[in-house]
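Single-structure report; data block below.
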Amino acid sequence: MVVSVRRHQHTHLPRRRSGHTTTVAIGAERFCLTANQRHDGSLGEVFIHWGKHGTSAAGLVNAYAVALSLGLQHQVPLAELIRPGLDQFFVPNGHTDDPEIPRVRSAVDYVARRLAIDWLAYTERAELGIYTLTERVHRARTWLTEAERLTGAALPAVAARPR
């Protein structure tokens with residue numbers, strides 16, 4: 001049996017690159033996620049700064065960021081890189097202070113969801129089951145309208161979560 005191996009060519013990032021940093025709290029833990037762009041505007045690398053250096057969780061999240069960055073620099077699609085991180089469960093987990101992602105199962109889960117919302121198109125995110133707050137409200141209203149039409153009964157309105 002012959003197995004074909006797809007080799008990705010490494011692309012170097014520009015010396016100076018733009019990006020953005022998101023600070024988030026998951027429960028009582030706070031960390032910063034920095035995402036830098038390539039020259040074409042696509043995601044090129046990811047850094048995670050966690051205040052608790054030396055902890056197992058901080059080491060795991062840092063290793064995840066390095067793996068994401070290496071994959072991105074070898075042109076692996078972002079959706080393929082974040083899929084394994086979705087719904088990973090470990091501490092810290094629970095409520096966040098990010099209104100787009102109100103609850104996560106771990107810091108890796110948060111990073112995967114935040115990168116998807118910031119860098120993937122709607123169709124790619126929908127395949128992964130990741131929606132923004134506005135998209136979730138719209139989907140709920142559409143579902144309620146359809147349910148009302150089918151049943152003929154008025155259902156309670158869905159309001160957006162207060163910020």
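Chain lettering (A, B, ...) mirrors the order of the structure tokens, residue numbering begins at 1 for each chain separately, and ligand numbering begins at 1 in order of display.
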Fill in: Contacts of segment 129-131 of chain A at 12 Å (only C-alpha atoms; same-chain gap of 4+ positions) as an MDAnalysis selection string
chainID A and resid 79 82:83 86:87 99:102 104 109:110 112:125 135:140
Fill in: helix (DSSP H, G or I) per DSSP on the backbone: members of segment 13-149 of chain A, as a VMD selection string
chain A and resid 56 to 73 78 to 85 107 to 119 122 to 128 133 to 149
Worksheet item: Between atom CA of Ala126 of chain A and atom CA of Arg38 of chain A, what is the spacing in Å?
Response: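 Interatomic distance, atom CA of Arg38 of chain A to atom CA of Ala126 of chain A: 24.4 Å.
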Worksheet item: Which is closer to Phe89 of chain A than all the others in A:Val76, A:Ala25, A:Leu43, A:Ala57, using only C-alpha atoms?
Response: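 Residue with the minimum atom-to-atom distance to Phe89 of chain A: A:Ala57.
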Which residues are near Gly19 of chain A? Cut-off 8 Å, only C-alpha atoms, ignore same chain within fewer than 2 positions. Put them as an mmCIF file with C-alpha atoms, in the first residue's frame.
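To be explicit, this is the file written out as result_2.cif:
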```cif
data_model
loop_
_atom_site.group_PDB
_atom_site.id
_atom_site.type_symbol
_atom_site.label_atom_id
_atom_site.label_comp_id
_atom_site.auth_asym_id
_atom_site.auth_seq_id
_atom_site.Cartn_x
_atom_site.Cartn_y
_atom_site.Cartn_z
ATOM 1 C CA ARG A 17 3.404 42.128 11.811
ATOM 2 C CA THR A 21 -4.612 40.697 21.847
ATOM 3 C CA THR A 34 -2.360 37.312 20.910
ATOM 4 C CA ALA A 35 -2.993 36.547 17.237
ATOM 5 C CA ASN A 36 -0.635 38.015 14.623
ATOM 6 C CA GLN A 37 -1.271 38.314 10.898
#
```
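If you measure from each of A:Leu60, A:Leu72, A:Ala67, A:Leu33 to Phe90 of chain A using only C-alpha atoms, the closest one turns out to be A:Leu60.
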Practice prompt. Would you please give, as JSON, numbers by chain, all residues of segment 86-136 of chain A that DSSP assigns to strand (DSSP E) based on the backbone?
Written response: {"A": [94, 95, 103, 104]}
Let's have the selection written as a CSV table (one decimal), in the first residue's frame, with N, CA and C atoms.
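As a result, part_32.csv now contains:
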```csv
chain,number,residue,atom,x,y,z
A,94,GLY,N,-15.6,26.8,32.7
A,94,GLY,CA,-16.8,27.5,33.2
A,94,GLY,C,-17.1,28.8,32.5
A,95,HIS,N,-17.6,29.8,33.2
A,95,HIS,CA,-18.0,31.1,32.7
A,95,HIS,C,-16.8,31.9,32.3
A,103,ARG,N,-19.3,30.5,28.0
A,103,ARG,CA,-18.9,29.4,28.8
A,103,ARG,C,-18.0,28.4,27.9
A,104,VAL,N,-17.0,27.9,28.6
A,104,VAL,CA,-16.0,27.0,27.9
A,104,VAL,C,-15.7,25.8,28.8
```
Practice prompt. Check the smallest atom-to-atom distance from each of A:Val46, A:Asp97, A:His20, A:Thr132 to Gly71 of chain A using only C-alpha atoms, then report the winner.
Written response: A:Val46
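With only C-alpha atoms as the atoms that count, the residue of A:Asp98, A:Val111, A:Arg105, A:Glu127 with the shortest distance to His49 of chain A is A:Val111.
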